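Novice: The structure file query.cif (mmCIF, C-alpha atoms) is provided below.
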data_structure
loop_
_atom_site.group_PDB
_atom_site.id
_atom_site.type_symbol
_atom_site.label_atom_id
_atom_site.label_comp_id
_atom_site.auth_asym_id
_atom_site.auth_seq_id
_atom_site.Cartn_x
_atom_site.Cartn_y
_atom_site.Cartn_z
ATOM 1 C CA MET A 3 8.649 36.009 -9.825
ATOM 2 C CA ALA A 4 11.759 35.875 -7.645
ATOM 3 C CA ARG A 5 13.733 37.849 -10.189
ATOM 4 C CA ALA A 6 11.072 40.546 -10.378
ATOM 5 C CA ARG A 7 11.055 40.882 -6.601
ATOM 6 C CA LEU A 8 14.846 41.184 -6.558
ATOM 7 C CA ARG A 9 14.768 44.008 -9.076
ATOM 8 C CA GLU A 10 12.206 45.936 -7.068
ATOM 9 C CA ARG A 11 14.533 46.155 -4.095
ATOM 10 C CA GLY A 12 16.126 49.410 -5.232
ATOM 11 C CA PRO A 13 19.291 51.054 -6.464
ATOM 12 C CA THR A 14 21.682 48.626 -4.774
ATOM 13 C CA ASN A 15 20.369 45.802 -6.954
ATOM 14 C CA LYS A 16 21.092 46.370 -10.631
ATOM 15 C CA GLY A 17 21.347 42.766 -11.720
ATOM 16 C CA ASN A 18 24.948 42.372 -10.671
ATOM 17 C CA THR A 19 24.495 40.817 -7.229
ATOM 18 C CA MET A 20 25.289 37.204 -6.473
ATOM 19 C CA ALA A 21 21.596 36.442 -5.974
ATOM 20 C CA GLU A 22 20.670 37.816 -9.386
ATOM 21 C CA LYS A 23 23.471 35.903 -11.104
ATOM 22 C CA THR A 24 22.632 32.575 -9.511
ATOM 23 C CA LYS A 25 18.935 32.960 -10.258
ATOM 24 C CA GLY A 26 19.625 33.715 -13.884
ATOM 25 C CA VAL A 27 21.761 30.654 -14.588
ATOM 26 C CA GLU A 28 19.977 28.010 -16.643
ATOM 27 C CA ARG A 29 20.721 24.736 -14.922
ATOM 28 C CA PRO A 30 19.971 21.375 -16.479
ATOM 29 C CA LEU A 31 16.927 19.753 -14.902
ATOM 30 C CA SER A 32 16.959 16.092 -13.958
ATOM 31 C CA PRO A 33 15.468 13.895 -16.686
ATOM 32 C CA HIS A 34 11.706 13.782 -16.499
ATOM 33 C CA LEU A 35 9.556 10.620 -16.574
ATOM 34 C CA GLN A 36 8.973 11.074 -20.308
ATOM 35 C CA ILE A 37 12.701 10.991 -21.025
ATOM 36 C CA TRP A 38 13.528 7.842 -19.084
ATOM 37 C CA ARG A 39 13.396 4.600 -20.990
ATOM 38 C CA PHE A 40 10.836 2.356 -19.327
ATOM 39 C CA THR A 41 12.664 -0.433 -17.533
ATOM 40 C CA ILE A 42 11.334 -3.505 -15.758
ATOM 41 C CA PRO A 43 12.597 -2.555 -12.280
ATOM 42 C CA MET A 44 11.021 0.896 -12.698
ATOM 43 C CA LEU A 45 7.696 -0.437 -13.987
ATOM 44 C CA THR A 46 7.489 -3.118 -11.294
ATOM 45 C CA SER A 47 8.305 -0.605 -8.557
ATOM 46 C CA ILE A 48 5.518 1.744 -9.699
ATOM 47 C CA LEU A 49 3.101 -1.205 -9.912
ATOM 48 C CA THR A 50 3.889 -2.148 -6.292
ATOM 49 C CA ARG A 51 2.653 1.245 -5.117
ATOM 50 C CA ILE A 52 -0.382 1.219 -7.423
ATOM 51 C CA THR A 53 -1.496 -2.300 -6.403
ATOM 52 C CA GLY A 54 -0.889 -1.659 -2.689
ATOM 53 C CA ASN A 55 -2.950 1.508 -2.639
ATOM 54 C CA ALA A 56 -5.660 0.247 -4.989
ATOM 55 C CA LEU A 57 -6.377 -2.705 -2.683
ATOM 56 C CA ILE A 58 -8.312 -0.325 -0.389
ATOM 57 C CA VAL A 59 -11.201 -0.608 -2.885
ATOM 58 C CA SER A 60 -11.636 -4.358 -2.460
ATOM 59 C CA THR A 61 -10.945 -4.120 1.298
ATOM 60 C CA LEU A 62 -13.834 -1.693 1.576
ATOM 61 C CA LEU A 63 -16.046 -4.058 -0.456
ATOM 62 C CA VAL A 64 -15.055 -7.097 1.652
ATOM 63 C CA VAL A 65 -15.807 -5.266 4.934
ATOM 64 C CA TRP A 66 -19.152 -4.143 3.518
ATOM 65 C CA TRP A 67 -19.897 -7.746 2.480
ATOM 66 C CA LEU A 68 -19.029 -8.957 6.020
ATOM 67 C CA ILE A 69 -21.209 -6.292 7.654
ATOM 68 C CA ALA A 70 -24.035 -7.260 5.308
ATOM 69 C CA ALA A 71 -23.651 -10.938 6.270
ATOM 70 C CA ALA A 72 -23.713 -9.939 9.945
ATOM 71 C CA THR A 73 -26.842 -7.796 9.468
ATOM 72 C CA SER A 74 -29.484 -9.800 7.605
ATOM 73 C CA GLU A 75 -30.033 -12.240 4.750
ATOM 74 C CA ALA A 76 -31.669 -9.557 2.572
ATOM 75 C CA TYR A 77 -28.757 -7.139 3.053
ATOM 76 C CA PHE A 78 -26.270 -9.969 2.431
ATOM 77 C CA ASP A 79 -28.019 -10.855 -0.852
ATOM 78 C CA LEU A 80 -27.655 -7.232 -1.973
ATOM 79 C CA ALA A 81 -23.928 -7.005 -1.122
ATOM 80 C CA ASN A 82 -23.186 -10.501 -2.416
ATOM 81 C CA GLY A 83 -25.117 -9.713 -5.606
ATOM 82 C CA ILE A 84 -22.995 -6.621 -6.249
ATOM 83 C CA LEU A 85 -19.692 -8.365 -5.443
ATOM 84 C CA THR A 86 -20.545 -11.248 -7.785
ATOM 85 C CA SER A 87 -22.046 -9.131 -10.596
ATOM 86 C CA TRP A 88 -19.957 -8.727 -13.750
ATOM 87 C CA ILE A 89 -18.491 -5.449 -12.514
ATOM 88 C CA GLY A 90 -17.888 -7.012 -9.076
ATOM 89 C CA ASP A 91 -16.173 -9.943 -10.759
ATOM 90 C CA ILE A 92 -13.863 -7.568 -12.659
ATOM 91 C CA VAL A 93 -13.004 -5.624 -9.480
ATOM 92 C CA MET A 94 -12.417 -8.778 -7.419
ATOM 93 C CA THR A 95 -10.340 -10.489 -10.140
ATOM 94 C CA LEU A 96 -8.172 -7.392 -10.632
ATOM 95 C CA SER A 97 -7.795 -7.182 -6.830
ATOM 96 C CA LEU A 98 -6.719 -10.814 -6.719
ATOM 97 C CA LEU A 99 -4.107 -10.053 -9.393
ATOM 98 C CA GLY A 100 -3.129 -6.954 -7.417
ATOM 99 C CA VAL A 101 -2.773 -8.810 -4.126
ATOM 100 C CA TRP A 102 -0.602 -11.543 -5.692
ATOM 101 C CA TYR A 103 1.495 -8.961 -7.485
ATOM 102 C CA HIS A 104 1.980 -6.952 -4.282
ATOM 103 C CA PHE A 105 2.735 -10.217 -2.431
ATOM 104 C CA LEU A 106 5.541 -11.169 -4.855
ATOM 105 C CA ALA A 107 6.886 -7.617 -5.129
ATOM 106 C CA GLY A 108 6.928 -7.423 -1.317
ATOM 107 C CA LEU A 109 8.969 -10.630 -1.087
ATOM 108 C CA ARG A 110 11.318 -9.168 -3.707
ATOM 109 C CA HIS A 111 11.593 -6.015 -1.582
ATOM 110 C CA LEU A 112 12.606 -8.089 1.454
ATOM 111 C CA TYR A 113 15.203 -9.852 -0.710
ATOM 112 C CA TYR A 114 16.540 -6.482 -1.917
ATOM 113 C CA ASP A 115 16.612 -5.232 1.685
ATOM 114 C CA ALA A 116 18.886 -8.137 2.553
ATOM 115 C CA GLY A 117 21.287 -6.621 0.007
ATOM 116 C CA LYS A 118 20.731 -9.365 -2.557
ATOM 117 C CA GLY A 119 19.625 -9.346 -6.192
ATOM 118 C CA LEU A 120 20.590 -5.727 -6.774
ATOM 119 C CA ASP A 121 22.628 -6.207 -9.964
ATOM 120 C CA ILE A 122 20.759 -5.246 -13.151
ATOM 121 C CA PRO A 123 20.332 -8.715 -14.780
ATOM 122 C CA THR A 124 19.014 -10.240 -11.517
ATOM 123 C CA ALA A 125 16.779 -7.231 -10.790
ATOM 124 C CA GLU A 126 15.247 -7.504 -14.281
ATOM 125 C CA LYS A 127 14.646 -11.240 -13.866
ATOM 126 C CA LEU A 128 13.004 -10.648 -10.475
ATOM 127 C CA GLY A 129 10.765 -8.010 -12.061
ATOM 128 C CA TRP A 130 9.601 -10.452 -14.727
ATOM 129 C CA ALA A 131 9.112 -13.086 -12.015
ATOM 130 C CA CYS A 132 6.726 -10.714 -10.180
ATOM 131 C CA LEU A 133 4.786 -9.879 -13.360
ATOM 132 C CA ILE A 134 4.449 -13.445 -14.664
ATOM 133 C CA GLY A 135 4.169 -14.991 -11.195
ATOM 134 C CA SER A 136 1.211 -12.799 -10.254
ATOM 135 C CA VAL A 137 -0.727 -13.889 -13.366
ATOM 136 C CA VAL A 138 0.086 -17.564 -12.723
ATOM 137 C CA LEU A 139 -0.951 -17.343 -9.044
ATOM 138 C CA THR A 140 -4.178 -15.514 -9.974
ATOM 139 C CA VAL A 141 -5.150 -18.218 -12.468
ATOM 140 C CA LEU A 142 -4.248 -20.930 -9.940
ATOM 141 C CA THR A 143 -6.334 -19.267 -7.230
ATOM 142 C CA ILE A 144 -9.365 -18.985 -9.524
ATOM 143 C CA VAL A 145 -8.983 -22.681 -10.443
ATOM 144 C CA ILE A 146 -8.723 -23.751 -6.784
ATOM 145 C CA ILE A 147 -11.494 -21.636 -5.251
ATOM 146 C CA MET B 186 36.439 15.817 25.652
ATOM 147 C CA ARG B 187 32.995 14.840 24.416
ATOM 148 C CA TYR B 188 30.662 13.201 26.847
ATOM 149 C CA LEU B 189 28.045 12.447 24.192
ATOM 150 C CA THR B 190 28.241 9.001 22.671
ATOM 151 C CA ALA B 191 28.367 8.594 18.897
ATOM 152 C CA ARG B 192 24.884 7.119 18.997
ATOM 153 C CA LYS B 193 23.443 10.054 20.933
ATOM 154 C CA ARG B 194 24.820 12.494 18.352
ATOM 155 C CA ALA B 195 23.354 10.488 15.468
ATOM 156 C CA GLU B 196 19.865 9.995 16.923
ATOM 157 C CA GLY B 197 17.116 12.113 15.376
ATOM 158 C CA LYS B 198 19.221 12.891 12.314
ATOM 159 C CA GLY B 199 18.455 11.706 8.801
ATOM 160 C CA ALA B 200 15.508 12.521 6.572
ATOM 161 C CA SER B 201 12.803 10.995 8.770
ATOM 162 C CA HIS B 202 14.236 12.017 12.193
ATOM 163 C CA THR B 203 12.843 8.742 13.470
ATOM 164 C CA GLY B 204 15.407 6.261 12.233
ATOM 165 C CA THR B 205 14.285 3.059 10.555
ATOM 166 C CA GLU B 206 11.190 2.460 12.683
ATOM 167 C CA HIS B 207 8.733 2.946 9.784
ATOM 168 C CA HIS B 208 10.693 0.704 7.441
ATOM 169 C CA TRP B 209 11.042 -1.978 10.094
ATOM 170 C CA SER B 210 7.296 -1.922 10.846
ATOM 171 C CA MET B 211 6.602 -2.415 7.113
ATOM 172 C CA GLN B 212 8.978 -5.385 6.995
ATOM 173 C CA VAL B 213 7.411 -7.028 10.051
ATOM 174 C CA SER B 214 3.829 -6.583 8.817
ATOM 175 C CA ALA B 215 4.876 -7.711 5.301
ATOM 176 C CA VAL B 216 6.234 -11.022 6.596
ATOM 177 C CA GLY B 217 3.179 -11.555 8.807
ATOM 178 C CA LEU B 218 0.802 -10.824 5.952
ATOM 179 C CA ALA B 219 2.753 -13.037 3.537
ATOM 180 C CA LEU B 220 2.063 -15.933 5.914
ATOM 181 C CA ILE B 221 -1.700 -15.415 6.322
ATOM 182 C CA VAL B 222 -2.887 -13.763 3.082
ATOM 183 C CA PRO B 223 -2.850 -17.009 0.989
ATOM 184 C CA THR B 224 -5.029 -18.710 3.632
ATOM 185 C CA PHE B 225 -7.365 -15.727 3.685
ATOM 186 C CA LEU B 226 -7.662 -15.764 -0.120
ATOM 187 C CA TYR B 227 -8.677 -19.411 0.043
ATOM 188 C CA ILE B 228 -11.262 -18.841 2.822
ATOM 189 C CA PHE B 229 -12.727 -15.700 1.272
ATOM 190 C CA GLY B 230 -12.614 -17.044 -2.278
ATOM 191 C CA LYS B 231 -14.555 -20.139 -1.228
ATOM 192 C CA ALA B 232 -17.107 -18.077 0.712
ATOM 193 C CA LEU B 233 -17.690 -15.345 -1.903
ATOM 194 C CA GLY B 234 -20.659 -16.274 -4.039
ATOM 195 C CA SER B 235 -21.991 -18.877 -1.592
ATOM 196 C CA ASP B 236 -25.450 -18.459 -0.078
ATOM 197 C CA TYR B 237 -26.167 -16.675 3.197
ATOM 198 C CA ALA B 238 -26.272 -19.865 5.300
ATOM 199 C CA THR B 239 -22.862 -21.070 4.041
ATOM 200 C CA VAL B 240 -21.206 -17.681 4.580
ATOM 201 C CA THR B 241 -22.502 -17.225 8.142
ATOM 202 C CA GLU B 242 -21.537 -20.847 8.884
ATOM 203 C CA THR B 243 -17.990 -20.315 7.470
ATOM 204 C CA PHE B 244 -17.210 -17.272 9.597
ATOM 205 C CA SER B 245 -18.615 -18.861 12.757
ATOM 206 C CA HIS B 246 -15.623 -21.244 12.743
ATOM 207 C CA PRO B 247 -12.522 -20.035 14.632
ATOM 208 C CA ILE B 248 -9.859 -20.310 11.890
ATOM 209 C CA PRO B 249 -11.716 -18.369 9.143
ATOM 210 C CA ALA B 250 -12.803 -15.709 11.650
ATOM 211 C CA ILE B 251 -9.343 -15.304 13.212
ATOM 212 C CA VAL B 252 -7.469 -15.292 9.879
ATOM 213 C CA THR B 253 -9.884 -12.725 8.402
ATOM 214 C CA ALA B 254 -9.569 -10.537 11.524
ATOM 215 C CA LEU B 255 -5.758 -10.683 11.338
ATOM 216 C CA VAL B 256 -5.714 -9.847 7.621
ATOM 217 C CA LEU B 257 -8.039 -6.894 8.195
ATOM 218 C CA VAL B 258 -6.185 -5.444 11.186
ATOM 219 C CA PHE B 259 -2.619 -5.939 9.964
ATOM 220 C CA GLY B 260 -3.462 -5.463 6.298
ATOM 221 C CA LEU B 261 -4.999 -2.082 7.071
ATOM 222 C CA LYS B 262 -2.100 -1.152 9.344
ATOM 223 C CA HIS B 263 0.335 -2.059 6.553
ATOM 224 C CA PHE B 264 -1.851 -0.153 4.086
ATOM 225 C CA ASN B 265 -1.957 2.947 6.297
ATOM 226 C CA ARG B 266 1.808 3.055 6.695
ATOM 227 C CA GLY B 267 2.306 2.415 2.983
ATOM 228 C CA PHE B 268 -0.134 5.204 2.148
ATOM 229 C CA GLU B 269 1.887 7.450 4.472
ATOM 230 C CA MET B 270 4.975 6.814 2.319
ATOM 231 C CA MET B 271 3.065 7.689 -0.847
ATOM 232 C CA ALA B 272 1.641 10.859 0.758
ATOM 233 C CA GLN B 273 5.136 11.919 1.853
ATOM 234 C CA ASP B 274 6.267 11.653 -1.767
ATOM 235 C CA TYR B 275 3.484 13.735 -3.292
ATOM 236 C CA LEU B 276 2.234 16.123 -0.577
ATOM 237 C CA ARG B 277 3.809 18.710 1.724
ATOM 238 C CA GLY B 278 2.881 20.617 4.885
ATOM 239 C CA SER B 279 -0.737 20.743 6.074
ATOM 240 C CA ARG B 280 -2.064 18.678 3.172
ATOM 241 C CA LEU B 281 0.355 15.875 4.042
ATOM 242 C CA LYS B 282 -0.693 15.976 7.697
ATOM 243 C CA ALA B 283 -4.393 16.061 6.777
ATOM 244 C CA ALA B 284 -3.988 13.113 4.363
ATOM 245 C CA ILE B 285 -2.204 11.000 6.991
ATOM 246 C CA MET B 286 -4.800 11.878 9.650
ATOM 247 C CA PHE B 287 -7.705 11.129 7.318
ATOM 248 C CA MET B 288 -6.299 7.787 6.165
ATOM 249 C CA THR B 289 -5.385 6.722 9.717
ATOM 250 C CA ALA B 290 -8.941 7.433 10.894
ATOM 251 C CA PHE B 291 -10.397 5.745 7.815
ATOM 252 C CA THR B 292 -8.333 2.545 8.080
ATOM 253 C CA TYR B 293 -8.879 2.234 11.853
ATOM 254 C CA GLY B 294 -12.597 2.716 11.283
ATOM 255 C CA LEU B 295 -12.655 0.131 8.515
ATOM 256 C CA ALA B 296 -10.744 -2.404 10.634
ATOM 257 C CA ALA B 297 -13.088 -1.816 13.605
ATOM 258 C CA THR B 298 -16.145 -2.250 11.353
ATOM 259 C CA GLY B 299 -14.767 -5.512 9.975
ATOM 260 C CA LEU B 300 -14.015 -6.805 13.472
ATOM 261 C CA PHE B 301 -17.540 -5.946 14.615
ATOM 262 C CA ALA B 302 -19.005 -7.877 11.669
ATOM 263 C CA LEU B 303 -16.755 -10.874 12.369
ATOM 264 C CA ALA B 304 -17.633 -10.845 16.079
ATOM 265 C CA LYS B 305 -21.338 -10.752 15.250
ATOM 266 C CA LEU B 306 -20.948 -13.612 12.758
ATOM 267 C CA ALA B 307 -18.805 -15.729 15.108
ATOM 268 C CA LEU B 308 -20.864 -15.360 18.288
#
What would you get if you wrote out this structure as structure tokens?
Specialist:
Amino acid sequence: MARARLRERGPTNKGNTMAEKTKGVERPLSPHLQIWRFTIPMLTSILTRITGNALIVSTLLVVWWLIAAATSEAYFDLANGILTSWIGDIVMTLSLLGVWYHFLAGLRHLYYDAGKGLDIPTAEKLGWACLIGSVVLTVLTIVII
Amino acid sequence: MRYLTARKRAEGKGASHTGTEHHWSMQVSAVGLALIVPTFLYIFGKALGSDYATVTETFSHPIPAIVTALVLVFGLKHFNRGFEMMAQDYLRGSRLKAAIMFMTAFTYGLAATGLFALAKLAL
């Protein structure tokens, strides 16, 4: 598109200007997601964003459940029934896993921000700690509550 | 001779033009939430699935009501600012502004709705 527009400018532009030359050069692009090898710090960083943003779903459900409880018993039974149905159980359990994951990854972020744990072996261990820790804390929470 | 201080010349520069204010607000809310979220999970986890009488009774006590209110207000504030970061990565121009405006209105509305429910349950 840009090259076509340049050529249309007239007799002064015959493909020998600086602009034309720079446009025509094939530069290497930065490696795309598909080329990178998946690493633990990368995976755990992406998961932090996904879990943080996905938690809006359960927040919305919890507020709805609270409003229902504040409205009437019949409305509460409806909201409570949906939140404790099998699909509600899946959403709430995944949210619990998400909140614990985001919790641990957030603590790791604060640790990184203090300038610590930034070497590759430590960063990879911290990533595994977030992944395994979130599952352990989820199971523990389900046992306790 | 320059009358401007080094700080004055540096202010407003950088990618955000606002310094580290956003990052700092995320750190503060993260620490606050880390302290109260486990308590909230316990309170909410115990209440979810109970009958109407138990749930209304639970949230009429000060600690469950206050902790839930704090998690909603600061959790949604933290969420909104985190969403802003994501939007800045994937959107530009008017769409970015619209996304931030929409999510700010949505999260404030959600927090206000939750607070209204809690107030009604507690009083």
Novice: Just want the 12 Å neighbourhood of region 187-203 of chain B, counted on all atoms listed in the file, with same-chain residues fewer than 3 positions away dropped. Output as a PDB file with C-alpha atoms, in the coordinates of the input.
Specialist:
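The resulting file, around32.pdb, is reproduced below:
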ATOM      1  CA  GLU B 206      11.190   2.460  12.683  1.00  0.00           C
ATOM      2  CA  HIS B 207       8.733   2.946   9.784  1.00  0.00           C
ATOM      3  CA  HIS B 208      10.693   0.704   7.441  1.00  0.00           C
ATOM      4  CA  TRP B 209      11.042  -1.978  10.094  1.00  0.00           C
ATOM      5  CA  MET B 270       4.975   6.814   2.319  1.00  0.00           C
ATOM      6  CA  GLN B 273       5.136  11.919   1.853  1.00  0.00           C
TER       7      GLN B 273
END
Novice: Give the residues of chain B that lie within 9 Å of chain A; count all atoms listed in the file, and format the answer as a PyMOL selection string.
Specialist: chain B and resi 212+215-216+218-219+222-223+226-238+240-241+257+261+264+267-268+271+292+295-296+298-306
Novice: For this file, the PyMOL selection byres ((chain B and resi 248) around 12) selects which residues, as a list in words?
Specialist: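 So the PyMOL selection byres ((chain B and resi 248) around 12), applied here, picks out Ile221, Thr224, Phe225, Tyr227, Ile228, Phe229, Thr243, Phe244, Ser245, His246, Pro247, Pro249, Ala250, Ile251, Val252, Thr253, Ala254, Leu255, Leu303 and Ala307 of chain B.
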Novice: In Å, with one decimal, what is the gap from CA of Val93 (chain A) to CA of Ser60 (chain A)?
Specialist: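 CA of Ser60 (chain A) lies at a distance of 7.3 Å from CA of Val93 (chain A).
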Novice: Exactly which residues make up the result of the PyMOL selection byres ((chain A and resi 128) around 10) on this file, given as a ChimeraX atom specification?
Specialist: /A:42-43,46,106-107,110,119-120,122-127,129-135
Novice: Just give me the gap between CA of Arg39 (chain A) and CA of Lys118 (chain A) in Å, one decimal is fine.
Specialist: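 Computed distance, CA of Arg39 (chain A) to CA of Lys118 (chain A), equals 24.3 Å.
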Novice: Using CA of Val138 (chain A) and CA of Asp91 (chain A) as the two end points, give the distance in Å to one decimal.
Specialist: 18.1 Å
